[in-house]
Amino acid sequence: MAKGFDIRRQTGFATIAMACFVILYLPIVLLVVYSFNAGTSVAIWEGFSWRWYVSAWDNDQVQAATVRSLVIAFWATLIATTCAVLAALATTRQGSFRGYTLIFAMINQPLMVPEIVTAVALLIFFAMIKVATGYTGLFYLIIAHSAFCLPFAYMPIRARLQGMDLSLEHAAMDLYGTPWRVFRRVTLPQLWPGILAGAMLAFVISLDDVVITEFVKSAGQDTLPTYMLGQLRRVVTPEVNAISTALLAISVVMVMGFFFLSRTKK
Amino acid sequence: MIEIANVSKIFTGRGAPFTALDDVSVTIRENEFFTLLGPSGCGKTTLLRVIAGFIDPTHGAVKLEGQDLVKLPPYRRPVNTVFQSYALFPHMTVAQNIAFGLEMLDKPSAEIKATVDQMLELVRMTPMADRKTSEISGGQQQRVALARALAPRPKVLLLDEPLSALDFKLRKDMQLELKRLQSETGITFVFVTHDQEEALTMSDRIAVMNAGDIRQIGGPRDIYDHPAERFVADFIGDTNFLEVELLATEGETARIRLPSGVETEVRAPRDGVAPGPVTLAVRPEHASLSGGDGAALPGTLANVVYFGTDTHFHVDLDGGARFVLRQQNQPGTAQGWSVGDAVTVTLAPGVGQVLRD
């Protein structure tokens, strides 16, 4: 590849790349900058201040929404990651079986079906259950989030399993390890980085969701993103910027964690 | 004692079915260093995996001391494997790797500790006990893999081309080391290799395999000196093949007529071949250029190749066949023949093996 096609030498490559980065990140940079605005405008700079962070922190609704978001994300991550580990084991360790492609497509369905369709379907389905049982708790949101987080948790775990040397598991089995002990002593210790990476991705995806949450939530079940959406319909203050910046910080940390964990150690 | 009786393995995938093992039967004796030798794809690794339990045979039985193993999962078979890639657990230390099998057998921890120490000693890895497996060299990993497989004292140790990843010198050392371990532990070794030299130097008996079948079983000398058929003669060492006429056989002796019309006596195949045109195999070092007793094959010296320890003489026999001779070099003496000379290849009585093909 020494003298092959090099994209970096093509005319206009640098310009287009720079333009893409500016379009992607300039708004985010502005959002972060204005979260420190002393004034009430999201467009006019009036000096540096922490006031909107303080205001968001003291806001009972923001607090409640944050806790709710974290609770939902926690349980959804736990459920989705557990299911993803099982699904990944079944699709990488059983050899090929009839219906493999179908199963694979179904696991990844949330990535392919338009989110709005899933949202409406869940709204109608859960409405039926709500009518039948009368239960209106957070459970619906947790289940919905678990469902669409599954493929995000599944992908890195499956990649890790596929990259693992199968002969290690054979060796463990050869050395009198029953299937469960082989899994615990050999597969799982090596799978951990993949599991953690999948869980982090699922957590971020759950924390960030608007569409499905908006459709599924009952009254008073705002998560942080749906709360912010609601705020935008009224007065927009830099408080929204402050919350966004905090979410951004969490996501960046998570994504960096994901990146480091999914790198294979050499 | 392992009895492999009529084992077949037919892989059915999306393509045409592939017969990896075709009705293989062999008995491996107690305390034996038994080698499965053959080119890649001959079924030797498949047979090893059938014994280990990673592959279910399509037909046949594998019995260890009378007990049928086929129904048992790998973790219930008293056999251990040294894998080609070693397959050491990267998240454990050397000592933890060696202890793994014993832990899975729920041995008391004092016994595990004692056995691990003993195994470390056996493979001379005691100073490395607490290293991670990624921190030791390839040769050391090889020793750890051996110790790990030997620690539970299996009835049979299966070795899947364990030396192929090592460099030449290390491989030589490990060949001797393996032989020593086998005699010290008294465990039956089943060793898979495609390297004929490895097979000849280490084995008590060798099974030469080709296309899913065992072609010949015997001791190294037997296999080398008396190959039963063309494949075996060709795969192990270098061989000259001469088209000759078989006149009669009597016991182990066969009377043949060489293309030059000379009649001589050579070794007959064990399972009897009808008189008529047959192939005679002659090892390059078994024939002589210096005359003496025996059948003479006149020809012209076409090439002389010097190899340090010996010299190869390529002779174009009258009648067209090419014959290669090998003579050991003696200090200070030249061979005395040059290209183009008329020479005579002499087969002493009893040199040469009639093949059964």
# chains A, B, ... in the order shown; residues from 1 in each chain; ligands from 1
>>> interface_residues(of="chain A", to="chain B", cutoff="10 Å", atoms="only C-alpha atoms", output="MDAnalysis selection string")
chainID A and resid 165:179 181:182 185:187 189:190 266
>>> closest_atom_pairs(of="stretch 89-161 of chain A", to="stretch 199-220 of chain A", cutoff="7 Å", atoms="only C-alpha atoms", output="JSON lines")
{"residue": "A:Glu115", "atom": "CA", "partner": "A:Ile212", "partner_atom": "CA", "distance": 7.0}
{"residue": "A:Ile116", "atom": "CA", "partner": "A:Val211", "partner_atom": "CA", "distance": 6.7}
{"residue": "A:Ala119", "atom": "CA", "partner": "A:Ile212", "partner_atom": "CA", "distance": 4.6}
{"residue": "A:Val120", "atom": "CA", "partner": "A:Phe215", "partner_atom": "CA", "distance": 6.8}
{"residue": "A:Leu122", "atom": "CA", "partner": "A:Val216", "partner_atom": "CA", "distance": 6.7}
{"residue": "A:Leu123", "atom": "CA", "partner": "A:Val216", "partner_atom": "CA", "distance": 5.2}
{"residue": "A:Thr136", "atom": "CA", "partner": "A:Ser218", "partner_atom": "CA", "distance": 6.8}
{"residue": "A:Leu141", "atom": "CA", "partner": "A:Val216", "partner_atom": "CA", "distance": 6.4}
{"residue": "A:His145", "atom": "CA", "partner": "A:Ser206", "partner_atom": "CA", "distance": 5.9}
{"residue": "A:Cys149", "atom": "CA", "partner": "A:Ala202", "partner_atom": "CA", "distance": 5.0}
{"residue": "A:Phe152", "atom": "CA", "partner": "A:Ala202", "partner_atom": "CA", "distance": 5.7}
{"residue": "A:Ala153", "atom": "CA", "partner": "A:Ala202", "partner_atom": "CA", "distance": 5.5}
>>> closest_residue(among="A:Asn108, A:Gln162, A:Gln231, A:Thr245", to="A:Ala147", atoms="only C-alpha atoms")
A:Asn108
>>> atom_distance(atom1="atom CA of B:Gly299", atom2="atom CA of B:Pro227")
25.9 Å
>>> residues_around(residues="stretch 311-325 of chain B", least_positions_apart="5", cutoff="8 Å", atoms="only C-alpha atoms", output="ChimeraX atom specification")
/B:240,242,259-260,283-289,297-306,343
>>> residues_around(residues="B:Phe235", least_positions_apart="2", cutoff="12 Å", atoms="only C-alpha atoms", output="PyMOL selection string")
chain B and resi 37-40+194-197+199+208-210+215-216+223-224+227-233+237-239
>>> residues_around(residues="B:Leu166", least_positions_apart="2", cutoff="12 Å", atoms="only C-alpha atoms", output="PDB file with C-alpha atoms, in the first residue's frame")
ATOM      1  CA  GLN B  84      -0.401 -26.683  18.949  1.00  0.00           C
ATOM      2  CA  SER B  85      -0.941 -23.083  20.076  1.00  0.00           C
ATOM      3  CA  TYR B  86      -0.258 -24.136  23.723  1.00  0.00           C
ATOM      4  CA  SER B 137       9.528 -17.360  25.897  1.00  0.00           C
ATOM      5  CA  GLY B 138       7.993 -19.741  23.376  1.00  0.00           C
ATOM      6  CA  GLY B 139      10.075 -22.679  24.584  1.00  0.00           C
ATOM      7  CA  GLN B 140       9.085 -21.972  28.173  1.00  0.00           C
ATOM      8  CA  GLN B 141       5.415 -21.710  27.206  1.00  0.00           C
ATOM      9  CA  GLN B 142       5.809 -25.112  25.603  1.00  0.00           C
ATOM     10  CA  ARG B 143       7.118 -26.548  28.870  1.00  0.00           C
ATOM     11  CA  GLU B 161       2.226 -30.787  16.719  1.00  0.00           C
ATOM     12  CA  PRO B 162       3.586 -29.184  19.881  1.00  0.00           C
ATOM     13  CA  LEU B 163       7.023 -28.412  18.462  1.00  0.00           C
ATOM     14  CA  SER B 164       6.010 -26.789  15.202  1.00  0.00           C
ATOM     15  CA  PHE B 168      15.167 -25.462  14.879  1.00  0.00           C
ATOM     16  CA  LYS B 169      17.587 -25.660  17.815  1.00  0.00           C
ATOM     17  CA  LEU B 170      14.879 -25.463  20.457  1.00  0.00           C
ATOM     18  CA  ARG B 171      12.936 -28.141  18.624  1.00  0.00           C
ATOM     19  CA  LYS B 172      15.933 -30.500  18.834  1.00  0.00           C
ATOM     20  CA  ASP B 173      16.199 -29.914  22.591  1.00  0.00           C
ATOM     21  CA  MET B 174      12.477 -30.389  23.130  1.00  0.00           C
ATOM     22  CA  GLN B 175      12.494 -33.672  21.204  1.00  0.00           C
TER      23      GLN B 175
END
>>> residues_around(residues="stretch 7-12 of chain B", least_positions_apart="6", cutoff="9 Å", atoms="only C-alpha atoms", output="PDB file with N, CA and C atoms, in the first residue's frame")
ATOM      1  N   PHE B  18     -16.953 -34.571   3.470  1.00  0.00           N
ATOM      2  CA  PHE B  18     -15.511 -34.820   3.428  1.00  0.00           C
ATOM      3  C   PHE B  18     -15.175 -35.918   4.423  1.00  0.00           C
ATOM      4  N   THR B  19     -14.539 -36.972   3.932  1.00  0.00           N
ATOM      5  CA  THR B  19     -14.169 -38.074   4.807  1.00  0.00           C
ATOM      6  C   THR B  19     -12.794 -37.799   5.405  1.00  0.00           C
ATOM      7  N   ALA B  20     -12.773 -37.388   6.680  1.00  0.00           N
ATOM      8  CA  ALA B  20     -11.504 -37.074   7.330  1.00  0.00           C
ATOM      9  C   ALA B  20     -10.842 -38.332   7.875  1.00  0.00           C
ATOM     10  N   LEU B  21     -11.662 -39.279   8.331  1.00  0.00           N
ATOM     11  CA  LEU B  21     -11.143 -40.554   8.818  1.00  0.00           C
ATOM     12  C   LEU B  21     -11.953 -41.661   8.165  1.00  0.00           C
ATOM     13  N   ASP B  22     -11.244 -42.631   7.595  1.00  0.00           N
ATOM     14  CA  ASP B  22     -11.925 -43.659   6.829  1.00  0.00           C
ATOM     15  C   ASP B  22     -11.665 -45.020   7.456  1.00  0.00           C
ATOM     16  N   ASP B  23     -12.517 -45.419   8.395  1.00  0.00           N
ATOM     17  CA  ASP B  23     -12.459 -46.741   8.999  1.00  0.00           C
ATOM     18  C   ASP B  23     -11.070 -47.037   9.576  1.00  0.00           C
ATOM     19  N   VAL B  24     -10.655 -46.209  10.528  1.00  0.00           N
ATOM     20  CA  VAL B  24      -9.325 -46.348  11.118  1.00  0.00           C
ATOM     21  C   VAL B  24      -9.387 -47.277  12.328  1.00  0.00           C
ATOM     22  N   SER B  25      -8.496 -48.247  12.364  1.00  0.00           N
ATOM     23  CA  SER B  25      -8.376 -49.104  13.541  1.00  0.00           C
ATOM     24  C   SER B  25      -6.921 -49.182  13.949  1.00  0.00           C
ATOM     25  N   THR B  46      -7.502 -34.875  13.330  1.00  0.00           N
ATOM     26  CA  THR B  46      -8.891 -35.280  13.550  1.00  0.00           C
ATOM     27  C   THR B  46      -8.942 -36.491  14.480  1.00  0.00           C
ATOM     28  N   LEU B  47      -8.052 -37.451  14.242  1.00  0.00           N
ATOM     29  CA  LEU B  47      -8.024 -38.652  15.082  1.00  0.00           C
ATOM     30  C   LEU B  47      -7.677 -38.285  16.531  1.00  0.00           C
ATOM     31  N   VAL B  50     -10.641 -36.775  18.111  1.00  0.00           N
ATOM     32  CA  VAL B  50     -11.644 -37.799  18.418  1.00  0.00           C
ATOM     33  C   VAL B  50     -11.311 -38.446  19.767  1.00  0.00           C
ATOM     34  N   ILE B  55     -14.152 -33.948  18.806  1.00  0.00           N
ATOM     35  CA  ILE B  55     -14.858 -34.330  17.583  1.00  0.00           C
ATOM     36  C   ILE B  55     -15.527 -35.676  17.849  1.00  0.00           C
ATOM     37  N   ASP B  56     -16.823 -35.757  17.520  1.00  0.00           N
ATOM     38  CA  ASP B  56     -17.521 -37.041  17.639  1.00  0.00           C
ATOM     39  C   ASP B  56     -17.292 -37.835  16.371  1.00  0.00           C
ATOM     40  N   PRO B  57     -16.856 -39.086  16.491  1.00  0.00           N
ATOM     41  CA  PRO B  57     -16.710 -39.879  15.267  1.00  0.00           C
ATOM     42  C   PRO B  57     -18.080 -40.204  14.678  1.00  0.00           C
ATOM     43  N   THR B  58     -18.122 -40.322  13.353  1.00  0.00           N
ATOM     44  CA  THR B  58     -19.374 -40.695  12.697  1.00  0.00           C
ATOM     45  C   THR B  58     -19.694 -42.169  12.988  1.00  0.00           C
ATOM     46  N   HIS B  59     -18.648 -43.012  12.952  1.00  0.00           N
ATOM     47  CA  HIS B  59     -18.795 -44.417  13.331  1.00  0.00           C
ATOM     48  C   HIS B  59     -17.616 -44.791  14.205  1.00  0.00           C
ATOM     49  N   GLY B  60     -17.746 -45.926  14.858  1.00  0.00           N
ATOM     50  CA  GLY B  60     -16.593 -46.524  15.514  1.00  0.00           C
ATOM     51  C   GLY B  60     -16.515 -46.254  16.997  1.00  0.00           C
ATOM     52  N   ALA B  61     -15.544 -46.896  17.633  1.00  0.00           N
ATOM     53  CA  ALA B  61     -15.396 -46.809  19.076  1.00  0.00           C
ATOM     54  C   ALA B  61     -13.962 -46.432  19.437  1.00  0.00           C
ATOM     55  N   VAL B  62     -13.816 -45.697  20.536  1.00  0.00           N
ATOM     56  CA  VAL B  62     -12.503 -45.393  21.105  1.00  0.00           C
ATOM     57  C   VAL B  62     -12.534 -45.921  22.525  1.00  0.00           C
ATOM     58  N   GLY B 212      -6.981 -39.908   5.385  1.00  0.00           N
ATOM     59  CA  GLY B 212      -7.937 -40.422   6.351  1.00  0.00           C
ATOM     60  C   GLY B 212      -7.739 -41.867   6.747  1.00  0.00           C
TER      61      GLY B 212
END
>>> residues_around(residues="A:Gly47", least_positions_apart="5", cutoff="12 Å", atoms="only C-alpha atoms", output="JSON list (two decimals) with N, CA and C atoms, in the first residue's frame")
[["chain", "number", "residue", "atom", "x", "y", "z"],
["A", 33, "VAL", "N", -19.74, 26.59, 26.19],
["A", 33, "VAL", "CA", -19.34, 27.96, 26.58],
["A", 33, "VAL", "C", -20.51, 28.71, 27.21],
["A", 34, "TYR", "N", -21.67, 28.65, 26.57],
["A", 34, "TYR", "CA", -22.81, 29.43, 27.06],
["A", 34, "TYR", "C", -23.43, 28.84, 28.32],
["A", 35, "SER", "N", -23.05, 27.60, 28.67],
["A", 35, "SER", "CA", -23.54, 27.07, 29.94],
["A", 35, "SER", "C", -22.93, 27.85, 31.11],
["A", 36, "PHE", "N", -21.83, 28.57, 30.83],
["A", 36, "PHE", "CA", -21.18, 29.38, 31.87],
["A", 36, "PHE", "C", -21.58, 30.85, 31.78],
["A", 37, "ASN", "N", -22.63, 31.16, 30.98],
["A", 37, "ASN", "CA", -23.04, 32.55, 30.79],
["A", 37, "ASN", "C", -23.66, 33.11, 32.07],
["A", 38, "ALA", "N", -23.29, 34.33, 32.39],
["A", 38, "ALA", "CA", -23.86, 34.95, 33.59],
["A", 38, "ALA", "C", -25.27, 35.45, 33.33],
["A", 39, "GLY", "N", -25.60, 35.78, 32.08],
["A", 39, "GLY", "CA", -26.93, 36.31, 31.76],
["A", 39, "GLY", "C", -27.94, 35.21, 31.52],
["A", 40, "THR", "N", -29.17, 35.58, 31.12],
["A", 40, "THR", "CA", -30.24, 34.60, 30.94],
["A", 40, "THR", "C", -30.38, 34.18, 29.49],
["A", 41, "SER", "N", -29.54, 34.71, 28.63],
["A", 41, "SER", "CA", -29.66, 34.40, 27.20],
["A", 41, "SER", "C", -28.75, 33.24, 26.82]]
>>> select_by_dssp(residues="stretch 205-336 of chain B", states="helix (DSSP H, G or I)", output="VMD selection string")
chain B and resid 220 to 225 230 to 235
>>> write_last_selection(atoms="all heavy atoms", output="mmCIF file, in the first residue's frame")
data_model
loop_
_atom_site.group_PDB
_atom_site.id
_atom_site.type_symbol
_atom_site.label_atom_id
_atom_site.label_comp_id
_atom_site.auth_asym_id
_atom_site.auth_seq_id
_atom_site.Cartn_x
_atom_site.Cartn_y
_atom_site.Cartn_z
ATOM 1 N N PRO B 220 10.259 -47.033 14.077
ATOM 2 C CA PRO B 220 10.910 -46.103 13.148
ATOM 3 C C PRO B 220 11.791 -46.808 12.121
ATOM 4 O O PRO B 220 11.718 -46.534 10.926
ATOM 5 C CB PRO B 220 11.750 -45.224 14.077
ATOM 6 C CG PRO B 220 11.092 -45.312 15.399
ATOM 7 C CD PRO B 220 10.476 -46.666 15.478
ATOM 8 N N ARG B 221 12.605 -47.765 12.567
ATOM 9 C CA ARG B 221 13.519 -48.467 11.671
ATOM 10 C C ARG B 221 12.754 -49.311 10.645
ATOM 11 O O ARG B 221 13.093 -49.357 9.467
ATOM 12 C CB ARG B 221 14.441 -49.370 12.510
ATOM 13 C CG ARG B 221 15.569 -49.999 11.762
ATOM 14 C CD ARG B 221 16.581 -50.563 12.724
ATOM 15 N NE ARG B 221 17.609 -49.603 13.047
ATOM 16 C CZ ARG B 221 18.679 -49.385 12.274
ATOM 17 N NH1 ARG B 221 18.830 -50.034 11.157
ATOM 18 N NH2 ARG B 221 19.586 -48.504 12.624
ATOM 19 N N ASP B 222 11.708 -49.934 11.141
ATOM 20 C CA ASP B 222 10.874 -50.766 10.289
ATOM 21 C C ASP B 222 10.235 -49.922 9.182
ATOM 22 O O ASP B 222 10.257 -50.280 8.002
ATOM 23 C CB ASP B 222 9.801 -51.421 11.171
ATOM 24 C CG ASP B 222 9.052 -52.497 10.428
ATOM 25 O OD1 ASP B 222 9.693 -53.212 9.646
ATOM 26 O OD2 ASP B 222 7.828 -52.604 10.620
ATOM 27 N N ILE B 223 9.675 -48.780 9.599
ATOM 28 C CA ILE B 223 9.000 -47.898 8.644
ATOM 29 C C ILE B 223 10.004 -47.369 7.620
ATOM 30 O O ILE B 223 9.728 -47.314 6.425
ATOM 31 C CB ILE B 223 8.353 -46.707 9.390
ATOM 32 C CG1 ILE B 223 7.252 -47.200 10.319
ATOM 33 C CG2 ILE B 223 7.873 -45.648 8.413
ATOM 34 C CD1 ILE B 223 5.868 -47.067 9.810
ATOM 35 N N TYR B 224 11.202 -47.025 8.092
ATOM 36 C CA TYR B 224 12.191 -46.415 7.211
ATOM 37 C C TYR B 224 12.798 -47.460 6.274
ATOM 38 O O TYR B 224 12.893 -47.253 5.069
ATOM 39 C CB TYR B 224 13.294 -45.741 8.031
ATOM 40 C CG TYR B 224 14.299 -45.013 7.173
ATOM 41 C CD1 TYR B 224 14.028 -43.722 6.713
ATOM 42 C CD2 TYR B 224 15.504 -45.608 6.812
ATOM 43 C CE1 TYR B 224 14.925 -43.045 5.913
ATOM 44 C CE2 TYR B 224 16.405 -44.945 6.001
ATOM 45 C CZ TYR B 224 16.115 -43.663 5.556
ATOM 46 O OH TYR B 224 16.999 -43.012 4.748
ATOM 47 N N ASP B 225 13.186 -48.581 6.836
ATOM 48 C CA ASP B 225 13.876 -49.597 6.027
ATOM 49 C C ASP B 225 12.918 -50.422 5.181
ATOM 50 O O ASP B 225 13.276 -50.907 4.119
ATOM 51 C CB ASP B 225 14.678 -50.543 6.934
ATOM 52 C CG ASP B 225 15.972 -49.902 7.408
ATOM 53 O OD1 ASP B 225 16.343 -48.853 6.841
ATOM 54 O OD2 ASP B 225 16.599 -50.450 8.338
ATOM 55 N N ARG B 230 4.304 -47.159 -1.775
ATOM 56 C CA ARG B 230 4.969 -46.014 -2.366
ATOM 57 C C ARG B 230 4.782 -44.750 -1.532
ATOM 58 O O ARG B 230 5.721 -43.972 -1.332
ATOM 59 C CB ARG B 230 4.438 -45.805 -3.785
ATOM 60 C CG ARG B 230 5.331 -44.915 -4.597
ATOM 61 C CD ARG B 230 4.794 -44.720 -5.998
ATOM 62 N NE ARG B 230 5.754 -43.910 -6.730
ATOM 63 C CZ ARG B 230 6.477 -44.364 -7.735
ATOM 64 N NH1 ARG B 230 6.349 -45.599 -8.127
ATOM 65 N NH2 ARG B 230 7.332 -43.558 -8.351
ATOM 66 N N PHE B 231 3.551 -44.528 -1.010
ATOM 67 C CA PHE B 231 3.310 -43.305 -0.255
ATOM 68 C C PHE B 231 4.240 -43.215 0.957
ATOM 69 O O PHE B 231 4.852 -42.183 1.225
ATOM 70 C CB PHE B 231 1.846 -43.216 0.205
ATOM 71 C CG PHE B 231 1.628 -42.053 1.122
ATOM 72 C CD1 PHE B 231 1.475 -40.774 0.606
ATOM 73 C CD2 PHE B 231 1.644 -42.201 2.510
ATOM 74 C CE1 PHE B 231 1.335 -39.681 1.437
ATOM 75 C CE2 PHE B 231 1.502 -41.119 3.353
ATOM 76 C CZ PHE B 231 1.345 -39.858 2.808
ATOM 77 N N VAL B 232 4.344 -44.323 1.689
ATOM 78 C CA VAL B 232 5.166 -44.333 2.903
ATOM 79 C C VAL B 232 6.643 -44.129 2.550
ATOM 80 O O VAL B 232 7.353 -43.330 3.164
ATOM 81 C CB VAL B 232 4.966 -45.651 3.683
ATOM 82 C CG1 VAL B 232 5.890 -45.701 4.895
ATOM 83 C CG2 VAL B 232 3.515 -45.799 4.115
ATOM 84 N N ALA B 233 7.099 -44.852 1.503
ATOM 85 C CA ALA B 233 8.496 -44.748 1.092
ATOM 86 C C ALA B 233 8.824 -43.327 0.649
ATOM 87 O O ALA B 233 9.911 -42.802 0.914
ATOM 88 C CB ALA B 233 8.761 -45.722 -0.047
ATOM 89 N N ASP B 234 7.865 -42.678 0.002
ATOM 90 C CA ASP B 234 8.070 -41.347 -0.534
ATOM 91 C C ASP B 234 7.991 -40.292 0.566
ATOM 92 O O ASP B 234 8.734 -39.319 0.565
ATOM 93 C CB ASP B 234 6.980 -41.079 -1.579
ATOM 94 C CG ASP B 234 7.468 -40.100 -2.618
ATOM 95 O OD1 ASP B 234 8.692 -39.910 -2.714
ATOM 96 O OD2 ASP B 234 6.624 -39.520 -3.315
ATOM 97 N N PHE B 235 7.063 -40.495 1.532
ATOM 98 C CA PHE B 235 6.836 -39.479 2.564
ATOM 99 C C PHE B 235 7.977 -39.461 3.567
ATOM 100 O O PHE B 235 8.356 -38.415 4.075
ATOM 101 C CB PHE B 235 5.500 -39.728 3.271
ATOM 102 C CG PHE B 235 5.126 -38.627 4.215
ATOM 103 C CD1 PHE B 235 4.692 -37.403 3.716
ATOM 104 C CD2 PHE B 235 5.221 -38.799 5.588
ATOM 105 C CE1 PHE B 235 4.367 -36.376 4.571
ATOM 106 C CE2 PHE B 235 4.895 -37.770 6.447
ATOM 107 C CZ PHE B 235 4.464 -36.553 5.938
#
>>> select_by_dssp(residues="stretch 18-143 of chain B", states="strand (DSSP E)", output="list in words")
Phe18, Thr19, Ala20, Leu21, Asp22, Asp23, Val24, Ser25, Val26, Thr27, Ile28, Phe33, Phe34, Thr35, Leu36, Leu37, His59, Gly60, Ala61, Val62, Lys63, Leu64, Gln67, Asp68, Val79, Asn80, Thr81 and Val82 of chain B
>>> atom_distance(atom1="atom CA of B:Ile187", atom2="atom CA of B:Ile28")
11.9 Å
>>> closest_residue(among="A:Ser146, A:Leu78, A:Leu224, A:Tyr140", to="A:Ile124", atoms="only C-alpha atoms")
A:Tyr140
>>> atom_distance(atom1="atom CA of B:Leu158", atom2="atom CA of A:Arg93")
23.9 Å
>>> decode(residues="stretch 121-178 of chain B", atoms="C-alpha atoms", output="PDB file, in the first residue's frame")
ATOM      1  CA  GLU B 121      10.619 -29.113  38.736  1.00  0.00           C
ATOM      2  CA  LEU B 122       9.976 -31.719  36.059  1.00  0.00           C
ATOM      3  CA  VAL B 123       9.920 -29.140  33.259  1.00  0.00           C
ATOM      4  CA  ARG B 124      12.588 -26.970  34.953  1.00  0.00           C
ATOM      5  CA  MET B 125      10.333 -23.943  35.328  1.00  0.00           C
ATOM      6  CA  THR B 126      10.411 -23.469  39.114  1.00  0.00           C
ATOM      7  CA  PRO B 127      11.933 -19.957  38.966  1.00  0.00           C
ATOM      8  CA  MET B 128       9.152 -18.825  36.591  1.00  0.00           C
ATOM      9  CA  ALA B 129       6.229 -20.042  38.721  1.00  0.00           C
ATOM     10  CA  ASP B 130       4.753 -16.602  39.347  1.00  0.00           C
ATOM     11  CA  ARG B 131       5.284 -15.135  35.893  1.00  0.00           C
ATOM     12  CA  LYS B 132       2.407 -14.353  33.580  1.00  0.00           C
ATOM     13  CA  THR B 133       2.367 -16.641  30.551  1.00  0.00           C
ATOM     14  CA  SER B 134       2.907 -13.645  28.266  1.00  0.00           C
ATOM     15  CA  GLU B 135       6.190 -12.909  30.037  1.00  0.00           C
ATOM     16  CA  ILE B 136       7.954 -16.164  29.148  1.00  0.00           C
ATOM     17  CA  SER B 137       9.528 -17.360  25.897  1.00  0.00           C
ATOM     18  CA  GLY B 138       7.993 -19.741  23.376  1.00  0.00           C
ATOM     19  CA  GLY B 139      10.075 -22.679  24.584  1.00  0.00           C
ATOM     20  CA  GLN B 140       9.085 -21.972  28.173  1.00  0.00           C
ATOM     21  CA  GLN B 141       5.415 -21.710  27.206  1.00  0.00           C
ATOM     22  CA  GLN B 142       5.809 -25.112  25.603  1.00  0.00           C
ATOM     23  CA  ARG B 143       7.118 -26.548  28.870  1.00  0.00           C
ATOM     24  CA  VAL B 144       4.281 -24.992  30.849  1.00  0.00           C
ATOM     25  CA  ALA B 145       1.738 -26.433  28.430  1.00  0.00           C
ATOM     26  CA  LEU B 146       3.344 -29.839  28.949  1.00  0.00           C
ATOM     27  CA  ALA B 147       3.390 -29.503  32.718  1.00  0.00           C
ATOM     28  CA  ARG B 148      -0.238 -28.360  32.744  1.00  0.00           C
ATOM     29  CA  ALA B 149      -1.316 -31.381  30.738  1.00  0.00           C
ATOM     30  CA  LEU B 150       0.805 -33.805  32.786  1.00  0.00           C
ATOM     31  CA  ALA B 151      -0.181 -32.466  36.229  1.00  0.00           C
ATOM     32  CA  PRO B 152      -3.480 -34.377  36.527  1.00  0.00           C
ATOM     33  CA  ARG B 153      -1.537 -37.551  35.602  1.00  0.00           C
ATOM     34  CA  PRO B 154      -3.672 -38.494  32.601  1.00  0.00           C
ATOM     35  CA  LYS B 155      -3.661 -42.044  31.328  1.00  0.00           C
ATOM     36  CA  VAL B 156      -2.814 -40.703  27.895  1.00  0.00           C
ATOM     37  CA  LEU B 157      -1.158 -37.467  26.825  1.00  0.00           C
ATOM     38  CA  LEU B 158      -2.155 -36.168  23.406  1.00  0.00           C
ATOM     39  CA  LEU B 159       0.284 -33.835  21.679  1.00  0.00           C
ATOM     40  CA  ASP B 160      -0.892 -31.864  18.648  1.00  0.00           C
ATOM     41  CA  GLU B 161       2.226 -30.787  16.719  1.00  0.00           C
ATOM     42  CA  PRO B 162       3.586 -29.184  19.881  1.00  0.00           C
ATOM     43  CA  LEU B 163       7.023 -28.412  18.462  1.00  0.00           C
ATOM     44  CA  SER B 164       6.010 -26.789  15.202  1.00  0.00           C
ATOM     45  CA  ALA B 165       6.126 -23.242  16.592  1.00  0.00           C
ATOM     46  CA  LEU B 166       9.662 -23.555  17.935  1.00  0.00           C
ATOM     47  CA  ASP B 167      12.855 -22.720  16.094  1.00  0.00           C
ATOM     48  CA  PHE B 168      15.167 -25.462  14.879  1.00  0.00           C
ATOM     49  CA  LYS B 169      17.587 -25.660  17.815  1.00  0.00           C
ATOM     50  CA  LEU B 170      14.879 -25.463  20.457  1.00  0.00           C
ATOM     51  CA  ARG B 171      12.936 -28.141  18.624  1.00  0.00           C
ATOM     52  CA  LYS B 172      15.933 -30.500  18.834  1.00  0.00           C
ATOM     53  CA  ASP B 173      16.199 -29.914  22.591  1.00  0.00           C
ATOM     54  CA  MET B 174      12.477 -30.389  23.130  1.00  0.00           C
ATOM     55  CA  GLN B 175      12.494 -33.672  21.204  1.00  0.00           C
ATOM     56  CA  LEU B 176      14.905 -35.113  23.763  1.00  0.00           C
ATOM     57  CA  GLU B 177      13.005 -33.441  26.592  1.00  0.00           C
ATOM     58  CA  LEU B 178       9.712 -34.999  25.475  1.00  0.00           C
TER      59      LEU B 178
END
